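Asks: Below you'll find model.cif; it's mmCIF, C-alpha atoms and all ligand atoms.
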data_final
loop_
_atom_site.label_atom_id
_atom_site.label_comp_id
_atom_site.auth_asym_id
_atom_site.auth_seq_id
_atom_site.Cartn_x
_atom_site.Cartn_y
_atom_site.Cartn_z
CA MET A 1 85.67 73.97 37.42
CA LEU A 2 87.90 76.97 36.87
CA THR A 3 89.76 77.20 40.17
CA VAL A 4 90.42 80.47 41.93
CA MET A 5 94.14 79.71 41.95
CA LYS A 6 96.57 77.12 40.69
CA PRO A 7 100.03 77.74 42.14
CA LYS A 8 103.00 77.16 39.86
CA LEU A 9 106.51 76.98 41.27
CA PRO A 10 109.66 76.54 39.17
CA SER A 11 109.85 73.23 37.34
CA LEU A 12 112.15 70.39 38.36
CA SER A 13 114.52 71.17 35.50
CA GLN A 14 114.75 74.81 36.55
CA VAL A 15 115.40 74.02 40.21
CA SER A 16 117.66 71.01 39.61
CA LYS A 17 121.01 72.79 39.79
CA TYR A 18 120.20 73.90 43.32
CA ILE A 19 118.89 70.47 44.34
CA GLU A 20 122.11 68.92 43.02
CA SER A 21 124.09 71.40 45.09
CA ILE A 22 122.15 70.19 48.14
CA ASP A 23 123.10 66.61 47.19
CA SER A 24 126.75 67.50 47.28
CA SER A 25 126.75 69.90 50.24
CA ARG A 26 124.59 67.50 52.29
CA ILE A 27 123.32 70.52 54.13
CA TYR A 28 119.55 70.52 54.28
CA SER A 29 118.80 73.21 56.82
CA ASN A 30 120.34 75.34 59.61
CA ARG A 31 121.22 78.35 57.50
CA GLY A 32 122.92 76.43 54.76
CA PRO A 33 124.62 77.87 51.67
CA LEU A 34 121.38 78.31 49.72
CA VAL A 35 119.70 80.34 52.45
CA ILE A 36 122.81 82.50 52.70
CA GLU A 37 122.79 82.94 48.92
CA LEU A 38 119.09 83.78 48.96
CA GLU A 39 119.64 86.53 51.53
CA SER A 40 122.39 87.91 49.34
CA ARG A 41 120.22 87.81 46.20
CA TYR A 42 117.34 89.51 48.01
CA GLY A 43 119.79 92.15 49.25
CA GLU A 44 120.56 92.89 45.58
CA TYR A 45 116.90 92.77 44.63
CA PHE A 46 115.94 95.31 47.31
CA GLY A 47 119.13 97.31 46.92
CA ILE A 48 120.13 97.01 50.58
CA CYS A 49 122.86 95.23 52.51
CA GLU A 50 122.28 91.47 52.63
CA LYS A 51 123.05 91.49 56.35
CA ARG A 52 119.66 93.14 56.87
CA ILE A 53 117.79 90.38 55.04
CA VAL A 54 116.59 87.33 56.95
CA CYS A 55 114.92 84.28 55.40
CA VAL A 56 112.37 82.58 57.63
CA ALA A 57 110.18 79.46 57.40
CA ASN A 58 107.00 81.43 56.62
CA ALA A 59 105.59 84.93 57.01
CA THR A 60 103.39 84.09 60.00
CA LEU A 61 106.41 83.07 62.07
CA ALA A 62 108.46 85.92 60.64
CA ILE A 63 105.90 88.49 61.82
CA GLN A 64 105.78 86.77 65.21
CA GLY A 65 109.56 87.02 65.53
CA CYS A 66 109.65 90.70 64.51
CA ILE A 67 106.86 91.60 66.93
CA GLY A 68 108.52 89.62 69.72
CA LEU A 69 111.87 91.34 69.19
CA SER A 70 110.38 94.79 68.88
CA LEU A 71 110.29 96.86 72.08
CA ALA A 72 106.59 97.75 71.81
CA SER A 73 104.27 95.78 74.06
CA LYS A 74 100.89 96.67 72.54
CA TRP A 75 100.16 96.29 68.82
CA TYR A 76 97.54 97.93 66.65
CA VAL A 77 96.38 95.32 64.17
CA PRO A 78 94.05 96.03 61.24
CA ASP A 79 90.67 94.37 61.60
CA TYR A 80 90.61 93.42 57.92
CA THR A 81 93.38 90.93 57.20
CA PHE A 82 94.25 87.25 57.00
CA PRO A 83 94.28 85.62 60.47
CA ALA A 84 98.07 85.10 60.25
CA THR A 85 98.58 88.75 61.16
CA ILE A 86 96.78 88.63 64.50
CA LEU A 87 97.97 85.09 65.29
CA ALA A 88 101.54 86.30 64.99
CA VAL A 89 100.94 88.96 67.66
CA ILE A 90 99.03 86.60 69.95
CA ASN A 91 101.77 83.99 69.72
CA SER A 92 104.45 86.58 70.42
CA LEU A 93 102.63 87.11 73.74
CA LYS A 94 102.19 90.83 73.10
CA GLU A 95 98.91 92.73 73.46
CA VAL A 96 96.54 93.17 70.54
CA CYS A 97 94.30 96.14 69.81
CA LEU A 98 92.16 95.74 66.70
CA THR A 99 91.78 98.85 64.59
CA ASP A 100 89.46 99.67 61.72
CA VAL A 101 90.75 100.06 58.19
CA ASN A 102 90.32 102.84 55.66
CA GLN A 103 87.42 102.26 53.28
CA GLU A 104 89.47 103.31 50.23
CA THR A 105 92.93 101.86 50.89
CA TRP A 106 91.79 98.81 52.94
CA LYS A 107 94.79 99.47 55.19
CA ILE A 108 94.85 100.28 58.90
CA ASP A 109 93.28 103.70 59.42
CA LEU A 110 96.19 105.76 60.68
CA ASP A 111 94.00 108.79 61.35
CA LEU A 112 92.30 106.81 64.11
CA ILE A 113 95.52 106.01 65.97
CA GLU A 114 97.72 108.97 65.05
CA GLU A 115 96.90 110.90 68.19
CA ILE A 116 98.11 108.20 70.57
CA ALA A 117 100.75 106.26 68.73
CA CYS A 118 103.08 109.11 67.86
CA GLU A 119 103.64 109.92 71.52
CA LYS A 120 103.98 106.49 73.05
CA THR A 121 106.96 104.30 72.45
CA GLU A 122 105.28 101.23 73.93
CA PHE A 123 102.82 101.10 71.01
CA GLY A 124 103.54 99.34 67.79
CA VAL A 125 101.60 99.32 64.53
CA LEU A 126 101.31 96.30 62.26
CA PRO A 127 100.12 97.65 58.91
CA VAL A 128 98.95 95.04 56.42
CA ILE A 129 99.47 95.82 52.76
CA PRO A 130 96.38 94.17 51.27
CA PHE A 131 96.52 91.77 48.36
CA GLY A 132 99.92 92.72 46.97
CA ALA A 133 99.25 96.47 46.82
CA ASN A 134 102.22 98.79 46.60
CA PHE A 135 103.22 100.93 49.57
CA ASN A 136 105.64 103.51 50.80
CA LEU A 137 107.22 103.99 54.18
CA THR A 138 106.58 107.70 54.71
CA GLU A 139 102.96 107.13 55.63
CA TYR A 140 104.09 105.40 58.82
CA SER A 141 106.84 107.86 59.70
CA ASN A 142 105.08 109.10 62.86
CA PHE A 143 105.42 105.71 64.44
CA GLU A 144 108.44 104.34 66.21
CA HIS A 145 107.66 100.63 66.11
CA ILE A 146 106.40 99.27 62.83
CA VAL A 147 106.22 95.74 61.44
CA ILE A 148 104.76 95.81 57.93
CA ASP A 149 102.93 92.69 56.83
CA ALA A 150 103.54 93.01 53.09
CA ALA A 151 102.82 89.32 52.55
CA ALA A 152 101.89 89.49 48.86
CA SER A 153 103.76 92.64 47.81
CA ILE A 154 107.21 91.29 46.99
CA SER A 155 107.04 92.55 43.43
CA ALA A 156 106.44 96.10 44.69
CA PRO A 157 108.97 96.90 47.42
CA PRO A 158 108.64 100.47 48.76
CA VAL A 159 110.49 103.03 46.67
CA ASP A 160 111.70 104.82 49.79
CA LEU A 161 113.30 101.74 51.36
CA ALA A 162 116.55 103.63 51.97
CA SER A 163 114.72 105.75 54.56
CA MET A 164 113.55 102.73 56.62
CA PRO A 165 114.02 103.44 60.36
CA SER A 166 116.23 101.01 62.26
CA SER A 167 113.43 99.82 64.56
CA TRP A 168 111.17 98.64 61.71
CA PHE A 169 110.67 95.35 59.91
CA ILE A 170 109.02 94.48 56.59
CA VAL A 171 107.83 90.91 55.99
CA PHE A 172 107.09 89.31 52.60
CA SER A 173 105.65 85.82 52.18
CA LEU A 174 107.05 83.30 49.72
CA HIS A 175 104.09 80.96 50.09
CA ALA A 176 103.30 78.98 46.93
CA THR A 177 100.27 81.19 46.29
CA LYS A 178 102.35 84.37 46.24
CA VAL A 179 104.55 85.93 43.56
CA LEU A 180 108.11 84.46 43.65
CA GLY A 181 106.80 81.67 45.85
CA CYS A 182 108.86 78.74 47.10
CA GLY A 183 106.21 76.64 48.91
CA GLU A 184 106.63 77.92 52.45
CA GLY A 185 108.98 80.77 53.23
CA ALA A 186 109.40 84.45 53.98
CA VAL A 187 111.88 87.25 53.46
CA VAL A 188 112.27 89.94 56.11
CA ILE A 189 113.93 93.32 55.67
CA CYS A 190 115.20 94.44 59.06
CA GLY A 191 115.88 98.05 60.00
CA ASN A 192 119.44 97.28 60.99
CA GLU A 193 121.97 94.45 61.12
CA ASN A 194 121.60 93.98 64.83
CA SER A 195 117.87 93.28 64.62
CA ALA A 196 118.54 90.96 61.66
CA ASN A 197 120.99 88.98 63.78
CA LEU A 198 118.46 88.80 66.60
CA LEU A 199 115.79 87.56 64.18
CA ARG A 200 118.16 84.89 62.84
CA SER A 201 118.90 83.83 66.39
CA TRP A 202 115.17 83.84 67.28
CA SER A 203 114.42 81.60 64.31
CA ASN A 204 117.14 79.18 65.43
CA PHE A 205 116.00 78.35 68.98
CA GLY A 206 117.57 81.57 70.28
CA PHE A 207 121.07 80.31 69.51
CA ALA A 208 123.68 82.94 68.77
CA GLY A 209 127.06 81.33 68.34
CA SER A 210 126.56 78.62 70.96
CA ARG A 211 124.10 75.85 71.71
CA VAL A 212 122.74 77.69 74.70
CA PRO A 213 119.80 79.98 73.84
CA SER A 214 120.49 83.65 74.34
CA LEU A 215 116.84 84.61 73.88
CA VAL A 216 113.47 82.86 73.78
CA GLY A 217 113.24 81.80 70.17
CA THR A 218 111.72 78.98 68.20
CA ASN A 219 112.43 76.90 65.13
CA ALA A 220 111.49 79.13 62.19
CA LYS A 221 114.43 78.34 59.94
CA MET A 222 114.03 78.17 56.19
CA SER A 223 115.11 74.81 54.76
CA GLU A 224 117.61 74.50 51.92
CA LEU A 225 114.91 72.96 49.75
CA SER A 226 112.70 76.03 50.17
CA ALA A 227 115.71 78.25 49.47
CA ALA A 228 116.37 76.26 46.27
CA TYR A 229 112.87 77.05 45.03
CA ALA A 230 113.06 80.65 46.23
CA LEU A 231 116.38 81.21 44.42
CA THR A 232 114.98 79.74 41.23
CA SER A 233 111.83 81.87 41.43
CA LEU A 234 113.98 84.94 41.89
CA GLU A 235 116.19 83.95 38.96
CA PHE A 236 113.12 83.77 36.71
CA LYS A 237 111.40 86.79 38.23
CA ASP A 238 111.17 88.79 35.00
CA ILE A 239 109.20 86.05 33.30
CA GLU A 240 106.90 85.60 36.26
CA PHE A 241 106.32 89.34 36.75
CA ALA A 242 105.54 89.71 33.05
CA GLU A 243 102.98 86.89 33.23
CA TRP A 244 101.08 88.42 36.16
CA ARG A 245 101.26 91.90 34.67
CA SER A 246 99.99 90.76 31.34
CA HIS A 247 96.99 89.07 33.00
CA LEU A 248 96.25 92.15 35.10
CA ASP A 249 96.54 94.43 32.06
CA TYR A 250 94.22 92.16 30.14
CA ILE A 251 91.72 92.14 33.02
CA ASN A 252 91.83 95.94 33.01
CA GLN A 253 90.92 95.98 29.34
CA CYS A 254 88.07 93.51 29.73
CA ASP A 255 84.65 94.89 29.32
CA TYR A 256 83.01 94.14 32.66
CA PRO A 257 81.17 96.82 34.68
CA SER A 258 83.49 99.38 36.19
CA ARG A 259 81.60 99.37 39.47
CA PHE A 260 83.20 96.02 40.28
CA ARG A 261 86.73 97.42 39.92
CA THR A 262 88.92 98.31 42.88
CA PHE A 263 91.85 100.66 43.52
CA LEU A 264 94.18 97.72 42.93
CA ASP A 265 93.32 97.75 39.23
CA LEU A 266 95.20 101.02 38.93
CA GLU A 267 98.47 99.39 40.04
CA ASN A 268 100.39 97.57 37.36
CA HIS A 269 102.94 95.44 39.21
CA ALA A 270 102.77 91.65 39.55
CA ARG A 271 100.06 90.47 41.91
CA PRO A 272 98.39 87.08 42.27
CA TYR A 273 94.83 88.35 42.78
CA TRP A 274 91.85 89.41 40.70
CA LEU A 275 89.50 91.11 43.09
CA ILE A 276 86.15 92.73 42.59
CA ARG A 277 83.98 94.73 44.92
CA CYS A 278 80.30 93.87 45.21
CA ARG A 279 77.54 96.20 46.35
CA ASP A 280 76.68 94.35 49.53
CA GLN A 281 76.42 91.00 51.29
CA ALA A 282 73.39 89.97 49.22
CA GLU A 283 75.16 90.64 45.96
CA ILE A 284 78.34 88.82 46.90
CA SER A 285 76.30 85.73 47.79
CA ASN A 286 74.36 85.91 44.54
CA LEU A 287 77.47 86.38 42.50
CA GLU A 288 79.23 83.48 44.20
CA LYS A 289 76.29 81.22 43.35
CA PHE A 290 76.07 82.55 39.82
CA MET A 291 79.77 81.93 39.18
CA PHE A 292 79.63 78.50 40.79
CA SER A 293 76.71 77.54 38.58
CA HIS A 294 78.99 78.30 35.61
CA ASN A 295 81.82 76.25 37.06
CA ILE A 296 83.81 79.23 38.25
CA GLU A 297 85.29 79.09 41.72
CA THR A 298 85.44 82.33 43.71
CA ARG A 299 86.84 83.08 47.14
CA ARG A 300 86.24 85.64 49.83
CA TRP A 301 89.88 85.83 50.80
CA TRP A 302 89.23 87.50 54.16
CA PRO A 303 85.57 86.62 54.74
CA LYS A 304 85.17 88.07 58.23
CA ALA A 305 86.53 91.06 60.05
CA LEU A 306 88.79 89.78 62.83
CA HIS A 307 86.51 91.15 65.57
CA GLU A 308 83.72 88.94 64.18
CA ILE A 309 85.74 85.76 64.60
CA ASP A 310 85.01 83.91 67.84
CA TYR A 311 88.62 83.48 68.86
CA PHE A 312 89.48 87.14 68.38
CA LYS A 313 86.36 88.97 69.44
CA HIS A 314 87.51 89.47 73.02
CA PHE A 315 90.39 91.69 71.91
CA PRO A 316 89.83 95.41 72.41
CA PHE A 317 88.70 97.29 69.32
CA PHE A 318 90.06 100.79 69.04
CA LYS A 319 87.07 103.12 69.38
CA GLN A 320 84.65 100.39 70.41
CA SER A 321 81.72 102.71 69.76
CA GLU A 322 82.38 102.47 66.01
CA LEU A 323 82.37 98.69 65.89
CA ASN A 324 79.01 98.31 64.16
CA ASP A 325 79.95 100.69 61.36
CA ALA A 326 83.42 99.26 60.90
CA ASN A 327 84.77 99.45 57.36
CA SER A 328 86.33 96.05 57.97
CA ASN A 329 82.83 94.52 58.08
CA THR A 330 81.89 96.15 54.81
CA LEU A 331 85.07 95.04 53.05
CA ALA A 332 84.84 91.49 54.37
CA SER A 333 81.33 91.18 52.97
CA THR A 334 81.95 92.78 49.58
CA ILE A 335 85.43 91.84 48.31
CA LEU A 336 85.44 88.74 46.14
CA GLY A 337 88.40 86.92 44.59
CA LEU A 338 88.05 85.61 41.02
CA PRO A 339 90.26 83.02 39.31
CA LEU A 340 93.80 84.13 38.55
CA TYR A 341 96.97 82.13 38.11
CA ARG A 342 100.09 82.26 35.98
CA ASP A 343 98.86 80.11 33.11
CA ILE A 344 95.17 80.94 33.37
CA GLY A 345 94.89 81.92 29.68
CA ARG A 346 92.93 84.76 28.16
CA ALA A 347 89.96 82.57 27.23
CA ASN A 348 89.36 81.86 30.92
CA ILE A 349 89.68 85.54 31.83
CA ASP A 350 87.20 86.36 29.05
CA LYS A 351 84.82 83.75 30.38
CA VAL A 352 84.81 85.26 33.88
CA SER A 353 84.61 88.81 32.59
CA ASN A 354 81.67 87.93 30.32
CA LEU A 355 79.88 86.32 33.23
CA LEU A 356 80.30 89.52 35.25
CA LEU A 357 78.75 91.40 32.39
CA ARG A 358 75.92 88.90 32.15
CA TYR A 359 75.34 89.03 35.88
CA GLU A 360 75.01 92.81 35.66
CA VAL A 361 72.44 92.59 32.87
CA LEU A 362 70.44 89.89 34.68
CA SER A 363 70.48 91.80 37.94
CA GLN A 364 69.16 94.91 36.21
CA PHE A 365 66.31 92.90 34.75
CA SER A 366 65.40 91.47 38.10
CA LYS A 367 65.12 94.90 39.75
C1 LIG A 401 98.18 89.44 54.91
C2 LIG A 401 98.87 88.13 55.16
N1 LIG A 401 99.74 88.03 56.16
C3 LIG A 401 100.40 86.90 56.43
C4 LIG A 401 100.19 85.77 55.67
C5 LIG A 401 100.88 84.50 56.04
O1 LIG A 401 101.89 84.16 55.14
P1 LIG A 401 102.56 82.71 55.26
O2 LIG A 401 101.64 81.75 54.60
O3 LIG A 401 103.87 82.85 54.56
O4 LIG A 401 102.73 82.39 56.71
C6 LIG A 401 99.30 85.81 54.61
C7 LIG A 401 99.06 84.61 53.80
O5 LIG A 401 98.37 84.61 52.82
C8 LIG A 401 98.61 87.02 54.34
O6 LIG A 401 97.72 87.11 53.35
#
Go through the file and emit its structure as structure tokens.
Replies:
Amino acid sequence: MLTVMKPKLPSLSQVSKYIESIDSSRIYSNRGPLVIELESRYGEYFGICEKRIVCVANATLAIQGCIGLSLASKWYVPDYTFPATILAVINSLKEVCLTDVNQETWKIDLDLIEEIACEKTEFGVLPVIPFGANFNLTEYSNFEHIVIDAAASISAPPVDLASMPSSWFIVFSLHATKVLGCGEGAVVICGNENSANLLRSWSNFGFAGSRVPSLVGTNAKMSELSAAYALTSLEFKDIEFAEWRSHLDYINQCDYPSRFRTFLDLENHARPYWLIRCRDQAEISNLEKFMFSHNIETRRWWPKALHEIDYFKHFPFFKQSELNDANSNTLASTILGLPLYRDIGRANIDKVSNLLLRYEVLSQFSK
């Protein structure tokens, strides 16, 4: 079976110098030297002061911390995303309002909320940047409180980062399935040094210079072992980016029907996903079965709109009247993930692409 993904972190020989440094420092966690170094390296990578970078145990907790520290009490969350996004808001004990996404960009539909959010400081918006897409900050400039869930977009930081408002946060995941992964981890860009210090304190039981909590925090610290992997991934970033880009370029050149292609195919930075768009629910099911019968695994990454999931359906949906026609439903039932990983090989990409072509021919015959 050709699996939909096969994560590949740095090898033992690549990571060993950092592991040996852990052996000698005997510091395994609690903001050790490797986490401090990682924040510094990510400061260089993003071109901003390292004091605004915070490493956290994973992106779900990082988003929770940012939302909790932000002054807004009610958060607009896109209805099409991975559950981590909404769970982070729920667990921060803030209010959730689900909001539909744009059919073309798959991101939260700002036109829907523009009218209310620009006036009210108690509202926050949690845009999700889907599947490693690139993004810029200006599109959110009408909003005071923003936490961007850019989980898979670390290879495409916003070009206008220098203009980031001080009340905002941007969260990237370093999960093993992401680009520059380390196993479990996250990097947060904070709008200012003060909020970065608060986030560090939040992730360390609320401690800030003493063993008595100064805020209600949790344990969301990144371990030194995760930092060792994250530092190594960053050191070899050019190789990794080139691998993903070369696969994505090759996929773009493959001769499968253009109707399956999505806006993401026009972006050429490193991303860990090959996504296609099917016509409808019936087609996605047929295609899944067809691929499976040829030993190809596929995955609906976000198979249900959040409002369709039992545990989340009681949350208000912005403009309830439009629930049945929500774009989130359409996307959830038409976007399919195909196999992609760093050492997938062109023969495997060809195999999948040829099957897409074959599926198209067969489906035209059966009409
Ligand atoms: C959009 C989105 N947000 C958040 C997360 C959670 O990231 P992590 O696994 O680092 O907690 C993911 C994970 O895939 C994701 O896709």
Asks: Please report as a Markdown table every residue of region 140-177 of chain A lying within 12 Å of region 92-111 of chain A, along with the nearest atom pair and their distance in Å (one decimal), using all atoms listed in the file.
Replies:
| residue | atom | partner | partner_atom | distance |
| --- | --- | --- | --- | --- |
| A:Tyr140 | CA | A:Leu110 | CA | 8.1 |
| A:Ser141 | CA | A:Leu110 | CA | 10.9 |
| A:Asn142 | CA | A:Leu110 | CA | 9.7 |
| A:Phe143 | CA | A:Leu110 | CA | 10.0 |
| A:Ile148 | CA | A:Ile108 | CA | 10.9 |
| A:Asp149 | CA | A:Lys107 | CA | 10.7 |
| A:Ala150 | CA | A:Lys107 | CA | 11.1 |
Asks: Could you tell me which of A:Thr3, A:Gln14, A:Thr81, A:Ser195 comes closest to ligand LIG 401 (chain A) if we count only C-alpha atoms and all ligand atoms?
Replies: A:Thr81
Asks: Got a sec: who's within 8 Å of region 167-173 of chain A, counting only C-alpha atoms, leaving out chain neighbours fewer than 3 positions off, as a ChimeraX atom specification?
Replies: /A:58-59,62-63,66,70,144-154,164,178,181,184-192,195
Asks: Those same residues - C-alpha atoms - I'd like them written as a tab-separated table (two decimals), in the frame of the given file.
Replies:
chain	number	residue	atom	x	y	z
A	58	ASN	CA	107.00	81.43	56.62
A	59	ALA	CA	105.59	84.93	57.01
A	62	ALA	CA	108.46	85.92	60.64
A	63	ILE	CA	105.90	88.49	61.82
A	66	CYS	CA	109.65	90.70	64.51
A	70	SER	CA	110.38	94.79	68.88
A	144	GLU	CA	108.44	104.34	66.21
A	145	HIS	CA	107.66	100.63	66.11
A	146	ILE	CA	106.40	99.27	62.83
A	147	VAL	CA	106.22	95.74	61.44
A	148	ILE	CA	104.76	95.81	57.93
A	149	ASP	CA	102.93	92.69	56.83
A	150	ALA	CA	103.54	93.01	53.09
A	151	ALA	CA	102.82	89.32	52.55
A	152	ALA	CA	101.89	89.49	48.86
A	153	SER	CA	103.76	92.64	47.81
A	154	ILE	CA	107.21	91.29	46.99
A	164	MET	CA	113.55	102.73	56.62
A	178	LYS	CA	102.35	84.37	46.24
A	181	GLY	CA	106.80	81.67	45.85
A	184	GLU	CA	106.63	77.92	52.45
A	185	GLY	CA	108.98	80.77	53.23
A	186	ALA	CA	109.40	84.45	53.98
A	187	VAL	CA	111.88	87.25	53.46
A	188	VAL	CA	112.27	89.94	56.11
A	189	ILE	CA	113.93	93.32	55.67
A	190	CYS	CA	115.20	94.44	59.06
A	191	GLY	CA	115.88	98.05	60.00
A	192	ASN	CA	119.44	97.28	60.99
A	195	SER	CA	117.87	93.28	64.62
Asks: Using all atoms listed in the file, which of A:Cys254, A:Pro127, A:Gly65, A:Asp325 sits nearest Ile90 (chain A)?
Replies: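 Counting all atoms listed in the file, the residue closest to Ile90 (chain A) is A:Gly65.
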Asks: So how many Å separate CA of Asp280 (chain A) and CA of Val77 (chain A), to one decimal?
Replies: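 CA of Val77 (chain A) lies at a distance of 24.6 Å from CA of Asp280 (chain A).
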Asks: Quick one: everything within 10 Å of Gly337 (chain A), counting only C-alpha atoms, minus sequence neighbours fewer than 3 positions away in the same chain. Send it as a CSV table (one decimal) with C-alpha atoms, in the coordinates of the input.
Replies:
chain,number,residue,atom,x,y,z
A,4,VAL,CA,90.4,80.5,41.9
A,5,MET,CA,94.1,79.7,42.0
A,273,TYR,CA,94.8,88.4,42.8
A,274,TRP,CA,91.8,89.4,40.7
A,275,LEU,CA,89.5,91.1,43.1
A,276,ILE,CA,86.2,92.7,42.6
A,277,ARG,CA,84.0,94.7,44.9
A,288,GLU,CA,79.2,83.5,44.2
A,297,GLU,CA,85.3,79.1,41.7
A,298,THR,CA,85.4,82.3,43.7
A,299,ARG,CA,86.8,83.1,47.1
A,300,ARG,CA,86.2,85.6,49.8
A,301,TRP,CA,89.9,85.8,50.8
A,302,TRP,CA,89.2,87.5,54.2
A,340,LEU,CA,93.8,84.1,38.6
Asks: Would you mind telling me which residue in A:Lys289, A:Ile309, A:Lys319, A:Gln253 lies nearest to Ser353 (chain A) when using all atoms listed in the file?
Replies: A:Gln253
Asks: With a distance cut-off of 8 Å and all atoms listed in the file, select the neighbouring residues of region 221-234 of chain A, excluding the residue or stretch itself and same-chain residues fewer than 6 positions from it, and output the selection as a ChimeraX atom specification.
Replies: /A:9-10,14-15,18-19,22,27-35,38,41,55-58,174,180-185,203-204
Asks: Determine, counting only C-alpha atoms, which protein, DNA and RNA residues have an atom within 12 Å of an atom of Ile251 (chain A); residues of the same chain fewer than 6 positions away are not included. Present the result as a PyMOL selection string.
Replies: chain A and resi 244-245+257-258+260-262+264-266+268+273-276+338-340+344-354+356
Asks: Residues at most 7 Å from Gln64 (chain A), counting all atoms listed in the file, excluding those fewer than 2 positions away in the same chain, as a PyMOL selection string?
Replies: chain A and resi 60-62+66-68+88-89+91-92
Asks: For the atom pair CA of Glu360 (chain A) and CA of Glu283 (chain A), what is the interatomic distance in Å to one decimal place?
Replies: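 About the pair CA of Glu360 (chain A) and CA of Glu283 (chain A): they are 10.5 Å apart.
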Asks: Quote the spacing between CA of Pro83 (chain A) and CA of Phe207 (chain A) in Å to one decimal place.
Replies: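 Computing it gives 28.8 Å between the two atoms.
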